[in-house]
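Chemist: Pasting final-v1.cif here (mmCIF, C-alpha atoms):
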```
data_structure
loop_
_atom_site.label_atom_id
_atom_site.label_comp_id
_atom_site.auth_asym_id
_atom_site.auth_seq_id
_atom_site.Cartn_x
_atom_site.Cartn_y
_atom_site.Cartn_z
CA MET A 13 21.92 -14.67 -18.30
CA ASP A 14 18.33 -14.89 -19.57
CA SER A 15 15.29 -15.42 -17.39
CA ARG A 16 15.30 -19.19 -17.81
CA GLN A 17 18.95 -19.46 -16.87
CA TRP A 18 18.31 -17.23 -13.87
CA LEU A 19 15.44 -19.49 -12.71
CA GLU A 20 17.61 -22.57 -13.26
CA SER A 21 20.30 -20.97 -11.18
CA VAL A 22 17.86 -20.22 -8.34
CA LEU A 23 16.65 -23.82 -8.48
CA GLU A 24 20.24 -25.06 -8.36
CA LYS A 25 21.00 -22.86 -5.34
CA LEU A 26 17.80 -23.97 -3.61
CA ALA A 27 18.69 -27.67 -3.93
CA PRO A 28 21.13 -27.87 -0.97
CA CYS A 29 18.72 -25.86 1.22
CA ASN A 30 16.41 -28.86 1.39
CA LEU A 31 13.27 -26.74 1.36
CA PRO A 32 9.82 -28.35 1.07
CA MET A 33 8.88 -28.99 -2.55
CA ASN A 34 5.65 -27.02 -2.19
CA TYR A 35 7.54 -23.98 -1.02
CA GLN A 36 10.07 -24.26 -3.85
CA GLN A 37 7.23 -24.63 -6.32
CA ARG A 38 5.46 -21.55 -5.04
CA LEU A 39 8.63 -19.46 -4.97
CA LEU A 40 9.57 -20.46 -8.51
CA GLU A 41 6.02 -19.86 -9.72
CA GLU A 42 6.04 -16.34 -8.32
CA LEU A 43 9.53 -15.65 -9.67
CA ALA A 44 8.59 -17.02 -13.12
CA HIS A 45 5.50 -14.79 -13.26
CA HIS A 46 7.55 -11.84 -12.06
CA LEU A 47 10.03 -12.46 -14.89
CA ASP A 48 7.18 -12.73 -17.41
CA ASP A 49 5.86 -9.34 -16.28
CA LEU A 50 9.33 -7.89 -16.34
CA MET A 51 9.97 -9.15 -19.89
CA GLU A 52 6.62 -7.84 -21.10
CA GLU A 53 7.26 -4.44 -19.62
CA THR A 54 10.88 -4.06 -20.62
CA MET A 55 10.88 -5.79 -24.02
CA SER A 56 12.36 -2.77 -25.75
CA ILE A 57 15.03 -2.25 -23.13
CA THR A 58 18.13 -4.36 -22.78
CA VAL A 59 17.74 -5.48 -19.24
CA SER A 60 20.02 -7.74 -17.28
CA VAL A 61 17.87 -10.26 -15.48
CA GLU A 62 20.41 -10.77 -12.74
CA GLN A 63 20.73 -7.03 -12.25
CA ARG A 64 16.98 -6.64 -11.83
CA MET A 65 16.17 -9.85 -9.97
CA GLY A 66 19.29 -10.11 -7.85
CA ASP A 67 21.88 -12.80 -7.35
CA PRO A 68 20.22 -16.27 -7.49
CA GLY A 69 22.26 -17.36 -4.48
CA LEU A 70 20.98 -14.44 -2.42
CA VAL A 71 17.39 -15.21 -3.37
CA ALA A 72 17.87 -18.88 -2.44
CA ASN A 73 19.50 -17.94 0.88
CA ALA A 74 16.71 -15.49 1.67
CA ALA A 75 14.16 -18.21 0.90
CA ALA A 76 15.95 -20.65 3.21
CA GLU A 77 16.05 -17.99 5.93
CA ALA A 78 12.33 -17.28 5.46
CA GLN A 79 11.57 -20.97 5.89
CA ARG A 80 13.82 -21.24 8.95
CA ARG A 81 12.01 -18.36 10.65
CA ARG A 82 8.55 -19.79 10.19
CA GLY A 83 8.56 -20.53 13.91
CA SER A 84 5.34 -21.23 15.74
CA ARG A 85 3.17 -20.48 12.70
CA SER A 86 4.65 -23.55 11.10
CA TRP A 87 3.35 -26.03 13.64
CA LEU A 88 -0.01 -24.27 13.70
CA ALA A 89 -0.26 -24.75 9.94
CA VAL A 90 0.69 -28.42 10.28
CA LEU A 91 -1.90 -28.82 13.04
CA ALA A 92 -4.57 -27.25 10.83
CA LYS A 93 -3.64 -29.60 7.99
CA LEU A 94 -3.66 -32.60 10.32
CA PHE A 95 -7.14 -31.67 11.49
CA GLY A 96 -8.40 -30.92 7.99
CA PHE A 97 -6.95 -33.94 6.24
CA VAL A 98 -6.58 -36.61 8.92
CA VAL A 99 -9.52 -35.96 11.26
CA LEU A 100 -12.14 -34.06 9.27
CA PRO A 101 -12.71 -36.42 6.29
CA LEU A 102 -14.55 -39.01 8.40
CA PRO A 103 -17.11 -36.65 10.01
CA ALA A 104 -17.32 -34.60 6.80
CA VAL A 105 -18.52 -37.59 4.78
CA ILE A 106 -20.99 -38.70 7.44
CA VAL A 107 -22.38 -35.18 7.90
CA MET A 108 -22.74 -34.78 4.12
CA TRP A 109 -24.64 -38.07 3.90
CA GLY A 110 -26.96 -36.98 6.71
CA LEU A 111 -27.43 -33.50 5.27
CA ILE A 112 -28.16 -34.61 1.73
CA GLY A 113 -30.38 -37.45 3.02
CA TRP A 114 -32.38 -34.99 5.08
CA LEU A 115 -32.61 -32.52 2.19
CA GLY A 116 -33.58 -35.34 -0.18
CA LEU A 117 -36.42 -36.44 2.07
CA ALA A 118 -37.65 -32.87 2.44
CA VAL A 119 -37.59 -32.27 -1.34
CA PHE A 120 -39.08 -35.69 -2.00
CA GLY A 121 -41.94 -34.98 0.40
CA SER A 122 -42.67 -31.56 -1.03
CA LEU A 123 -42.59 -32.85 -4.64
CA LEU A 124 -45.02 -35.63 -3.85
CA GLY A 125 -47.12 -33.27 -1.80
CA THR A 126 -47.28 -35.92 0.85
CA SER A 127 -45.51 -37.07 3.99
CA ARG A 128 -43.22 -40.07 4.37
CA GLU A 129 -45.97 -41.87 6.27
CA THR A 130 -48.43 -41.77 3.38
CA LEU A 131 -46.55 -42.77 0.25
CA PRO A 132 -48.41 -42.80 -3.07
CA GLU A 133 -49.49 -46.20 -4.36
CA TRP A 134 -46.97 -46.33 -7.23
CA LEU A 135 -44.16 -45.81 -4.77
CA LYS A 136 -45.49 -48.45 -2.42
CA THR A 137 -45.54 -50.87 -5.34
CA ALA A 138 -42.03 -49.89 -6.36
CA MET A 139 -40.81 -50.31 -2.79
CA SER A 140 -42.28 -53.81 -2.64
CA GLU A 141 -41.04 -54.96 -6.03
CA HIS A 142 -37.67 -53.23 -6.41
CA GLN A 143 -36.20 -53.16 -2.91
CA VAL A 144 -32.79 -54.34 -4.10
CA GLY A 145 -32.70 -51.79 -6.90
CA ILE A 146 -33.69 -48.96 -4.58
CA ARG A 147 -31.09 -50.07 -2.05
CA ILE A 148 -28.39 -50.11 -4.71
CA GLY A 149 -29.56 -46.71 -5.99
CA LEU A 150 -29.37 -45.17 -2.53
CA LEU A 151 -25.95 -46.73 -1.91
CA ALA A 152 -24.76 -45.33 -5.26
CA LEU A 153 -26.02 -41.91 -4.19
CA LEU A 154 -24.05 -42.09 -0.94
CA VAL A 155 -20.93 -43.25 -2.80
CA ALA A 156 -21.39 -40.32 -5.19
CA ILE A 157 -21.59 -37.94 -2.21
CA SER A 158 -18.35 -39.43 -0.84
CA SER A 159 -16.74 -38.88 -4.21
CA LEU A 160 -17.88 -35.27 -4.20
CA VAL A 161 -16.24 -34.82 -0.79
CA THR A 162 -13.04 -36.20 -2.35
CA VAL A 163 -13.39 -33.73 -5.22
CA ALA A 164 -13.80 -30.90 -2.69
CA TYR A 165 -10.56 -31.99 -1.02
CA GLY A 166 -8.86 -32.14 -4.40
CA VAL A 167 -9.93 -28.60 -5.20
CA VAL A 168 -8.64 -27.35 -1.83
CA VAL A 169 -5.29 -29.14 -2.27
CA ARG A 170 -4.89 -27.73 -5.77
CA ARG A 171 -5.99 -24.23 -4.90
CA PHE A 172 -3.60 -23.93 -1.97
CA GLY A 173 -0.79 -25.87 -3.63
CA LEU A 174 -0.63 -28.44 -0.84
CA ASN A 175 1.42 -31.60 -0.90
CA TRP A 176 -0.16 -34.58 -2.65
CA ARG A 177 0.33 -36.66 0.51
CA TRP A 178 -2.42 -34.66 2.25
CA MET A 179 -4.76 -35.51 -0.61
CA LEU A 180 -3.80 -39.18 -0.38
CA MET A 181 -4.55 -39.19 3.35
CA ALA A 182 -7.98 -37.57 2.87
CA THR A 183 -8.79 -39.96 0.02
CA LEU A 184 -7.92 -43.05 2.04
CA LEU A 185 -10.08 -41.86 4.93
CA VAL A 186 -13.05 -41.16 2.66
CA VAL A 187 -12.62 -44.63 1.16
CA LEU A 188 -12.34 -46.12 4.65
CA VAL A 189 -15.73 -44.74 5.61
CA THR A 190 -17.42 -45.36 2.24
CA ALA A 191 -16.34 -48.93 1.47
CA PRO A 192 -17.99 -50.61 4.49
CA LEU A 193 -21.23 -48.65 4.06
CA THR A 194 -24.31 -50.86 4.39
CA MET A 195 -27.96 -50.08 3.82
CA LYS A 196 -31.03 -51.95 4.92
CA ILE A 197 -34.58 -51.42 3.66
CA GLU A 198 -37.42 -53.03 5.57
CA TYR A 199 -40.65 -52.43 3.73
CA THR A 200 -43.74 -54.26 4.89
CA GLY A 201 -46.35 -51.98 3.36
CA VAL A 202 -47.80 -51.34 6.79
CA THR A 203 -47.63 -47.72 7.89
CA GLY A 204 -45.19 -47.30 10.76
CA GLN A 205 -43.46 -50.61 10.20
CA ASN A 206 -41.10 -49.63 7.37
CA SER A 207 -37.57 -48.39 7.70
CA ILE A 208 -34.46 -47.46 5.77
CA SER A 209 -31.23 -47.57 7.73
CA ALA A 210 -27.62 -47.00 6.80
CA GLY A 211 -24.49 -47.85 8.74
CA LEU A 212 -20.92 -49.05 8.58
CA GLY A 213 -20.03 -52.69 8.88
CA PHE A 214 -18.21 -55.56 7.25
CA THR A 215 -20.58 -58.25 6.01
CA GLY A 216 -17.84 -60.60 4.84
CA ALA A 217 -18.35 -59.88 1.16
CA ILE A 218 -15.36 -58.25 -0.51
CA ALA A 219 -17.10 -57.17 -3.74
CA PRO A 220 -19.29 -54.45 -2.17
CA LEU A 221 -16.25 -53.09 -0.33
CA LEU A 222 -14.32 -52.80 -3.57
CA LEU A 223 -17.24 -51.42 -5.56
CA GLN A 224 -18.16 -48.79 -3.01
CA GLY A 225 -14.60 -47.74 -2.36
CA ALA A 226 -13.61 -47.66 -6.03
CA LEU A 227 -15.18 -44.37 -7.13
CA PRO A 228 -13.87 -42.10 -4.33
CA LEU A 229 -10.52 -43.92 -4.53
CA VAL A 230 -10.17 -43.34 -8.28
CA VAL A 231 -11.28 -39.71 -7.99
CA GLY A 232 -8.91 -39.08 -5.08
CA LEU A 233 -5.96 -40.80 -6.76
CA TRP A 234 -6.54 -38.73 -9.87
CA PHE A 235 -6.06 -35.58 -7.80
CA VAL A 236 -3.05 -37.13 -6.02
CA VAL A 237 -1.31 -37.96 -9.30
CA ARG A 238 -2.19 -34.58 -10.79
CA GLN A 239 -0.82 -32.73 -7.79
CA ALA A 240 2.38 -34.81 -7.68
CA ARG A 241 2.93 -34.39 -11.43
CA GLN A 242 2.34 -30.68 -11.24
CA ALA A 243 4.92 -30.27 -8.47
CA ARG A 244 7.52 -32.40 -10.25
CA GLY A 245 6.68 -30.96 -13.67
CA PHE A 246 7.11 -27.39 -12.53
CA LEU A 247 10.45 -28.04 -10.93
CA ALA A 248 11.61 -30.15 -13.87
CA GLY A 249 10.45 -27.42 -16.24
CA CYS A 250 12.75 -24.98 -14.51
CA ALA A 251 15.68 -27.37 -14.45
CA MET B 13 10.46 -12.04 28.37
CA LYS B 14 9.52 -9.36 25.89
CA ARG B 15 11.99 -9.06 23.06
CA ASN B 16 13.61 -5.66 22.83
CA ARG B 17 13.45 -4.43 19.25
CA GLY B 18 16.45 -2.17 18.95
CA ASN B 19 17.22 0.27 16.17
CA SER B 20 19.65 -2.14 14.58
CA ASP B 21 16.81 -4.60 14.16
CA PHE B 22 14.70 -1.86 12.72
CA LEU B 23 17.31 -0.77 10.22
CA ASN B 24 17.49 -4.34 9.01
CA GLY B 25 13.73 -4.25 8.65
CA VAL B 26 13.40 -1.27 6.31
CA PRO B 27 12.13 -3.48 3.44
CA GLU B 28 9.48 -4.84 5.82
CA LEU B 29 8.38 -1.30 6.69
CA LEU B 30 8.02 -0.39 3.03
CA ILE B 31 6.24 -3.62 2.15
CA LEU B 32 3.81 -3.34 5.05
CA HIS B 33 3.16 0.30 4.24
CA LEU B 34 2.37 -0.35 0.56
CA LEU B 35 0.27 -3.42 1.28
CA ALA B 36 -1.66 -1.52 3.95
CA GLU B 37 -2.81 0.84 1.18
CA ARG B 38 -4.28 -2.06 -0.76
CA PRO B 39 -3.56 -5.72 -1.51
CA ARG B 40 -0.96 -6.29 -4.22
CA TYR B 41 0.93 -9.14 -5.86
CA GLY B 42 4.72 -9.30 -5.97
CA TYR B 43 5.46 -7.62 -9.27
CA GLU B 44 2.90 -4.91 -8.62
CA LEU B 45 4.47 -4.30 -5.21
CA VAL B 46 7.98 -4.01 -6.62
CA LYS B 47 6.82 -1.69 -9.38
CA THR B 48 5.03 0.56 -6.90
CA LEU B 49 8.08 0.53 -4.64
CA ARG B 50 10.34 1.60 -7.50
CA GLU B 51 7.97 4.28 -8.73
CA ALA B 52 7.15 5.64 -5.28
CA SER B 53 10.85 5.91 -4.44
CA GLY B 54 11.59 7.70 -7.71
CA GLU B 55 13.77 4.74 -8.81
CA THR B 56 16.19 5.51 -5.99
CA LEU B 57 15.79 2.17 -4.23
CA ASP B 58 17.92 -0.42 -5.98
CA PHE B 59 17.39 -3.98 -4.84
CA GLY B 60 17.17 -7.48 -6.28
CA GLU B 61 13.50 -7.89 -7.07
CA GLY B 62 13.65 -11.64 -6.54
CA CYS B 63 14.44 -11.09 -2.87
CA ILE B 64 11.03 -9.55 -2.29
CA TYR B 65 9.36 -12.98 -2.34
CA PRO B 66 11.28 -14.60 0.53
CA ILE B 67 10.56 -11.43 2.56
CA LEU B 68 6.86 -11.67 1.71
CA HIS B 69 6.86 -15.36 2.63
CA ARG B 70 8.56 -14.65 5.94
CA LEU B 71 6.11 -11.88 6.81
CA GLU B 72 3.30 -14.22 5.89
CA ALA B 73 4.78 -16.94 8.10
CA GLU B 74 4.97 -14.44 10.95
CA GLY B 75 1.27 -13.70 10.52
CA LEU B 76 1.82 -10.11 9.38
CA LEU B 77 0.59 -10.78 5.86
CA GLU B 78 -1.80 -13.21 4.29
CA SER B 79 -1.96 -14.26 0.69
CA SER B 80 -4.47 -15.85 -1.61
CA PRO B 81 -4.02 -17.10 -5.15
CA GLN B 82 -6.06 -15.05 -7.61
CA SER B 83 -6.27 -14.91 -11.37
CA VAL B 84 -4.93 -11.57 -12.60
CA ALA B 85 -4.68 -10.97 -16.36
CA GLY B 86 -4.93 -14.69 -16.99
CA ARG B 87 -2.12 -15.61 -14.62
CA ARG B 88 -2.32 -17.06 -11.15
CA ARG B 89 -0.99 -14.50 -8.69
CA PHE B 90 -0.47 -14.64 -4.98
CA VAL B 91 -2.06 -11.44 -3.78
CA TYR B 92 -0.80 -10.25 -0.39
CA ARG B 93 -2.69 -8.22 2.17
CA VAL B 94 -1.79 -6.94 5.64
CA THR B 95 -3.34 -8.66 8.65
CA THR B 96 -4.35 -6.96 11.91
CA SER B 97 -1.01 -7.99 13.43
CA GLY B 98 0.69 -6.56 10.35
CA ARG B 99 -0.99 -3.19 10.86
CA ALA B 100 0.11 -3.16 14.48
CA ARG B 101 3.68 -3.96 13.41
CA LEU B 102 3.50 -1.23 10.76
CA ASP B 103 2.53 1.35 13.41
CA GLU B 104 5.44 0.16 15.55
CA CYS B 105 7.86 0.39 12.62
CA ARG B 106 6.65 3.85 11.60
CA SER B 107 7.12 5.11 15.13
CA SER B 108 10.65 3.68 15.31
CA TRP B 109 11.48 5.10 11.90
CA SER B 110 10.30 8.58 12.99
CA ASN B 111 12.56 8.32 16.04
CA ILE B 112 15.54 7.31 13.91
CA VAL B 113 14.97 10.11 11.41
CA ALA B 114 14.58 12.62 14.23
CA GLY B 115 17.75 11.30 15.91
CA ILE B 116 19.77 11.47 12.70
CA SER B 117 18.48 14.96 11.98
CA ARG B 118 19.56 16.12 15.42
CA VAL B 119 23.04 14.70 14.87
CA LEU B 120 23.34 16.29 11.42
CA GLN B 121 22.19 19.61 12.79
CA GLY B 122 24.82 19.60 15.49
CA GLY B 123 23.01 18.02 18.41
CA SER B 124 22.56 19.75 21.78
CA HIS B 125 26.08 21.28 21.85
CA GLY B 126 25.42 23.24 18.69
CA GLN B 127 28.38 21.87 16.68
CA PRO B 128 27.76 20.15 13.38
CA ALA B 129 28.78 16.51 13.37
CA VAL B 130 29.19 16.52 9.61
CA ALA B 131 31.32 19.12 7.99
#
```
Can you turn what I pasted into structure tokens?
Modeler:
Amino acid sequence: MDSRQWLESVLEKLAPCNLPMNYQQRLLEELAHHLDDLMEETMSITVSVEQRMGDPGLVANAAAEAQRRRGSRSWLAVLAKLFGFVVLPLPAVIVMWGLIGWLGLAVFGSLLGTSRETLPEWLKTAMSEHQVGIRIGLLALLVAISSLVTVAYGVVVRRFGLNWRWMLMATLLVVLVTAPLTMKIEYTGVTGQNSISAGLGFTGAIAPLLLQGALPLVVGLWFVVRQARQARGFLAGCA
Amino acid sequence: MKRNRGNSDFLNGVPELLILHLLAERPRYGYELVKTLREASGETLDFGEGCIYPILHRLEAEGLLESSPQSVAGRRRFVYRVTTSGRARLDECRSSWSNIVAGISRVLQGGSHGQPAVA
């Protein structure tokens, strides 16, 4: 039995145990790397894989037992994931908008060497003439920030080998908070009577919803598909 | 009610003792751990190396170990380290093991009545 046949045999024995795909993937990944190391180290020696690695059935049974004994840690882990992927995306996006908005204003002010109350003339002109453009630009910036939050979730899901469904949940929530984003600029040119406000609301127009939700949705779905393919691909590669 | 960890439990947990002991020295990944275990035991411990991973996963699930994926020699490895609870369990296991060894030694040396139990 070579290393591939041994892995196939473990996979076959794992099948009736009904273990989570993520766990199977991780176990097989570790076993495959172990076998690679073993082969590298013992290339010159005739080594029986089964003799070194053990009976595939025993490994599968031990894995099932390990999963069964997860106990209270298991629900804690699920709770942490629920919080991280079902609750946190909404405040995370809003906090990131606020944080980057605040940082942007601070940098903007220091670059211009002026305060928000006394804008330079060129900016006052731009604000009067290109309000729509500036509004769209700011909205695009916020959508980009949402997409970056989605990327951050994708990186976490990939790094910790989590199920693609968690990524899908986080993506949908980010889209839910990004799509109905509205922005209003009221510029009169009179100091103290100008404002920029952002909020969530449905104006009745579908196009902005689709446009604003599209980027984080596409980014998130890319990670979802990648994660799902990786899980299936790894298992299929062993089978 | 506090669970009574008897010697039979402990004997079943010898791999855990060895794993916790080696990982308490420094974090290691699976293959490295097995290699160290074989070398440190002078190749006397014969076990299916594949079974080490379910044990590691169980100890991790029990909060005695934690793992993080790291790139080692171009490969992604799950490197395991002992947690604070793991160190406490290791102390407990070492103490139990010392008691067992001492008990067995007493039996082999003839016990309190001065007659050898093993001819």
Chemist: Could you state which residues are captured by the PyMOL selection byres ((chain A and resi 231) around 9) in this file, as a list in words?
Modeler: Ser159, Leu160, Thr162, Val163, Gly166, Thr183, Ala226, Leu227, Pro228, Leu229, Val230, Gly232, Leu233, Trp234, Phe235 and Val236 of chain A
Chemist: What does the structure give for the distance between CA of Tyr199 (chain A) and CA of Ala156 (chain A), in Å to one decimal?
Modeler: 24.4 Å
Chemist: On this file, the PyMOL selection byres ((chain A) within 6 of (chain B)) gives some set of residues; write that set as a VMD selection string.
Modeler: chain A and resid 46 64 to 66 71 74 to 75 78 82
Chemist: List the neighbours of Leu77 (chain B) out to 7 Å using all atoms listed in the file; skip same-chain residues closer than 3 positions along the sequence, and give me the result as a list in words.
Modeler: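 Within the cut-off, the hits are Leu71, Glu72, Tyr92, Arg93, Val94, Thr95 and Gly98 of chain B.
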Chemist: Starting from the shown file, work through the PyMOL selection byres ((chain B and resi 28) around 10) and note down what comes out as a ChimeraX atom specification.
Modeler: /B:22-27,29-34,64,67-68,70-71,76,101-102,105
Chemist: Report, in Å to a single decimal, how far apart CA of Met181 (chain A) and CA of Glu78 (chain B) are.
Modeler: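 A separation of 26.1 Å between them.
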Chemist: Interatomic distance between CA of Leu221 (chain A) and CA of Val107 (chain A)?
Modeler: 20.6 Å
Chemist: Can you pull out every residue within 8 Å of Ser21 (chain A), counting only C-alpha atoms, but drop anything in the same chain fewer than 4 positions away, and send it as a PDB file with C-alpha atoms, in the coordinates of the input?
Modeler:
```
ATOM      1  CA  GLN A  17      18.950 -19.460 -16.870  1.00  0.00           C
ATOM      2  CA  LYS A  25      21.000 -22.860  -5.340  1.00  0.00           C
ATOM      3  CA  PRO A  68      20.220 -16.270  -7.490  1.00  0.00           C
ATOM      4  CA  GLY A  69      22.260 -17.360  -4.480  1.00  0.00           C
TER       5      GLY A  69
END
```
Chemist: Might I get the box with edges along x, y and z of the file that holds all atoms of region 210-218 of chain A listed there, padded by 3 Å on every side, given as centre and edge lengths in Å to one decimal, as lines of an AutoDock Vina configuration file?
Modeler:
```
center_x = -21.5
center_y = -53.8
center_z = 4.2
size_x = 18.3
size_y = 19.6
size_z = 15.4
```
Chemist: Might you pull out every residue within 10 Å of Ser140 (chain A), with all atoms listed in the file counted and same-chain residues fewer than 5 positions away left off, and present them as a PyMOL selection string?
Modeler: chain A and resi 134-135+198-201
Chemist: In terms of the shortest atom-to-atom distance over all atoms listed in the file, which of A:Leu151, A:Ala182, A:Leu43, A:Cys29 is closest to Val61 (chain A)?
Modeler: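 Nearest to Val61 (chain A): A:Leu43.
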